[in-house]
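Inspection log for the structure reproduced underneath, given as structure tokens.
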Amino acid sequence: MPWKQLAQNALSSLGYRLINTRTHYSHDGLHSLHHPYFLSDPTFQAAYTRGVAASHGPDPQTHWRVHVALWAARQALAIPGDFVECGVNAGFVSSAILQSLPWTPSPRRFFLIDTFDGPAFHQYSPAETVAGRPHLAHASLAAGAYVTDLSRVQANFAEWPQARIVPGTIPEILPSLDTSEIAFVHIERNCALPEREAFAHFWPLLSPGGIILFDDYVYYGHQANTAALDEVAARLGLKILALPTGQGLVIKPGTGQSPPPALP
Ligand SMILES: C[S@@+](CC[C@H](N)C(=O)[O-])C[C@H]1O[C@@H](n2cnc3c(N)ncnc32)[C@H](O)[C@@H]1O
């Protein structure tokens, strides 16, 4: 028996599986034997490359998360309303979305909300503080991982007339947003309080069929997000779909469609 088979059998008897990370998808906390067909799609590649360019940095290897975001945003193009991103930073995901979608001339806008000054540290809960989230955020801020140069952000989005950069802190900034009909919201703040508040704020404004995508719903180390978002979802009679990428997805029932019945 070849050594590889022997190793596989031994590991399997211990409950492990051997994965060749050169031939299978293994990035961003996701190790999968499935086929990431989108990696060879030129539309995906161009969008992803534009996202990396916005970041001015190394490729974060978040292909599968970006694939989900592009799919959700594309679905939402069939729905009336504006697009929103809560937590933009340099504009990695939003630039990929803006680059890839066939924006026809329309009054649809893409609101891009961020402090552009890093996280609002007072918003971390005691549980998040114990879990080390503010410490991590301070380290990221010090390392320059959060963009604080607004002119850089403006230059990045200058090519898209739909883009509306909104500097401000969530939730305080939300009521000043000049929109009453939303088709797509991407929420990525890495902090439970503003994620929860953004979800509660935008759900009533979401058009039937509209989509909210949470970047960190079940992502490793973000258990506080899961609990906070589930609390809002329960109040609204919803269940968020947990994706193996760590993201969460919820779609507003279409016109004439009732929400699914509550579970016993
Ligand atoms: C992980 S980054 C977002 C990444 C971004 N979506 C991308 O595609 O690269 C989280 C962002 O949320 C912002 N942020 C955190 N708390 C916020 C709050 N309460 N209001 C507005 N922005 C906030 C931070 O400044 C940071 O830029």
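Going by the structure tokens order, chains are called A, B, ..., each with residues numbered from 1, while ligands are numbered from 1 in the order shown.
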Practice task
Residues within 6 Å of ligand 1, counting only C-alpha atoms and all ligand atoms: report them as a PyMOL selection string.
Solution key: chain A and resi 87-94+114-120+146+168-170+188-190+194
Exercise for the section: Can you list, as an NGL selection string, all residues belonging to stretch 43-140 of chain A that DSSP tags as strand (DSSP E)? Expected result: :A and (82-86 or 110-114)
Handout entry: Residues within 9 Å of A:Ser95, only C-alpha atoms, excluding chain neighbours under 3 positions, as a ChimeraX atom specification
Key = /A:47-48,50-54,90-92,98-100,156-157
Practice task
Write out as a PyMOL selection string the residues lying within 7 Å of stretch 239-256 of chain A, counting only C-alpha atoms and excluding same-chain residues fewer than 4 positions away.
Solution key: chain A and resi 30+64-65+208-219+233
Keeping only C-alpha atoms, write the selected residues as a CSV table (one decimal), in the first residue's frame.
chain,number,residue,atom,x,y,z
A,30,LEU,CA,-12.3,27.3,4.5
A,64,TRP,CA,-15.0,32.3,-1.9
A,65,ARG,CA,-16.4,35.1,0.3
A,208,PRO,CA,-39.1,42.3,-1.3
A,209,GLY,CA,-36.4,39.9,-2.6
A,210,GLY,CA,-33.7,42.2,-1.2
A,211,ILE,CA,-30.6,40.6,0.4
A,212,ILE,CA,-28.5,41.3,3.5
A,213,LEU,CA,-25.1,39.6,3.5
A,214,PHE,CA,-23.2,39.4,6.8
A,215,ASP,CA,-19.5,39.0,6.2
A,216,ASP,CA,-18.6,37.6,9.7
A,217,TYR,CA,-21.9,35.9,10.9
A,218,VAL,CA,-20.2,32.6,11.9
A,219,TYR,CA,-16.6,33.5,11.1
A,233,ALA,CA,-33.4,37.8,13.4
Handout entry: Shortest interatomic distance to A:Val84 - which of A:Thr23, A:Ala10, A:Tyr16, A:Phe110, counting only C-alpha atoms
Key =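 Under the stated criterion, the closest residue is A:Phe110.
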Exercise for the section: Name the residues in contact with A:Arg108 at a cut-off of 7 Å, using only C-alpha atoms, excluding same-chain residues fewer than 3 positions from it; report them as an MDAnalysis selection string. Expected result: chainID A and resid 81:82 162
I need the chosen residues saved as a compact mmCIF listing (two decimals), in the first residue's frame, with C-alpha atoms.
# COMPACT_ATOMS: atom_id res chain seq x y z
CA GLY A 81 -33.45 50.01 -4.40
CA ASP A 82 -30.04 51.24 -3.40
CA GLN A 162 -23.17 55.38 -8.24
Practice task
Output as JSON, numbers by chain all residues of stretch 69-244 of chain A that backbone DSSP marks as alpha helix (DSSP H).
Solution key: {"A": [69, 70, 71, 72, 73, 74, 75, 76, 92, 93, 94, 95, 96, 97, 98, 99, 100, 126, 127, 128, 129, 130, 133, 134, 135, 136, 137, 138, 139, 140, 141, 142, 150, 151, 152, 153, 154, 155, 156, 157, 192, 193, 194, 195, 196, 197, 198, 199, 200, 201, 202, 223, 224, 225, 226, 227, 228, 229, 230, 231, 232, 233, 234, 235]}
Exercise for the section: Mind checking which residues fall within 9 Å of A:Arg74, counting only C-alpha atoms, ignoring those fewer than 4 positions away in the same chain, and posting them as a list in words? Expected result: Ala69, Leu70, Ala78, Ile97, Ser100, Leu101 and Pro102 of chain A
Atoms kept (N, CA and C atoms) for selection, written as a PDB file, in the first residue's frame:
ATOM      1  N   ALA A  69     -20.397  37.305  -2.305  1.00  0.00           N
ATOM      2  CA  ALA A  69     -20.819  38.710  -2.331  1.00  0.00           C
ATOM      3  C   ALA A  69     -21.209  39.137  -3.751  1.00  0.00           C
ATOM      4  N   LEU A  70     -20.441  38.693  -4.749  1.00  0.00           N
ATOM      5  CA  LEU A  70     -20.753  39.065  -6.133  1.00  0.00           C
ATOM      6  C   LEU A  70     -22.071  38.431  -6.567  1.00  0.00           C
ATOM      7  N   ALA A  78     -31.761  42.799  -9.690  1.00  0.00           N
ATOM      8  CA  ALA A  78     -33.120  42.622 -10.223  1.00  0.00           C
ATOM      9  C   ALA A  78     -34.159  43.244  -9.290  1.00  0.00           C
ATOM     10  N   ILE A  97     -17.580  44.430  -6.349  1.00  0.00           N
ATOM     11  CA  ILE A  97     -18.998  44.451  -6.758  1.00  0.00           C
ATOM     12  C   ILE A  97     -19.220  45.516  -7.830  1.00  0.00           C
ATOM     13  N   SER A 100     -17.849  44.488 -11.198  1.00  0.00           N
ATOM     14  CA  SER A 100     -18.365  43.311 -11.916  1.00  0.00           C
ATOM     15  C   SER A 100     -19.801  43.458 -12.407  1.00  0.00           C
ATOM     16  N   LEU A 101     -20.551  44.390 -11.832  1.00  0.00           N
ATOM     17  CA  LEU A 101     -21.977  44.419 -12.180  1.00  0.00           C
ATOM     18  C   LEU A 101     -22.265  45.287 -13.396  1.00  0.00           C
ATOM     19  N   PRO A 102     -23.220  44.844 -14.210  1.00  0.00           N
ATOM     20  CA  PRO A 102     -23.589  45.645 -15.375  1.00  0.00           C
ATOM     21  C   PRO A 102     -24.530  46.772 -14.933  1.00  0.00           C
TER      22      PRO A 102
END
Problem - Distance query A:Ile113 at most 6 Å, only C-alpha atoms, self and fewer than 4 positions along chain excluded, as number ranges by chain - result: A: 86-87, 166-167
Output file for the selection above: N, CA and C atoms, as a PDB file, in the first residue's frame:
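Now in out32.pdb:
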ATOM      1  N   CYS A  86     -21.836  48.489   4.925  1.00  0.00           N
ATOM      2  CA  CYS A  86     -21.532  49.002   6.261  1.00  0.00           C
ATOM      3  C   CYS A  86     -20.176  48.431   6.659  1.00  0.00           C
ATOM      4  N   GLY A  87     -19.152  49.247   6.639  1.00  0.00           N
ATOM      5  CA  GLY A  87     -17.790  48.769   6.895  1.00  0.00           C
ATOM      6  C   GLY A  87     -17.116  48.582   5.549  1.00  0.00           C
ATOM      7  N   VAL A 166     -19.896  57.661   2.632  1.00  0.00           N
ATOM      8  CA  VAL A 166     -20.570  58.238   3.804  1.00  0.00           C
ATOM      9  C   VAL A 166     -19.685  58.032   5.036  1.00  0.00           C
ATOM     10  N   PRO A 167     -18.874  59.043   5.395  1.00  0.00           N
ATOM     11  CA  PRO A 167     -18.065  58.897   6.605  1.00  0.00           C
ATOM     12  C   PRO A 167     -18.947  59.089   7.838  1.00  0.00           C
TER      13      PRO A 167
END
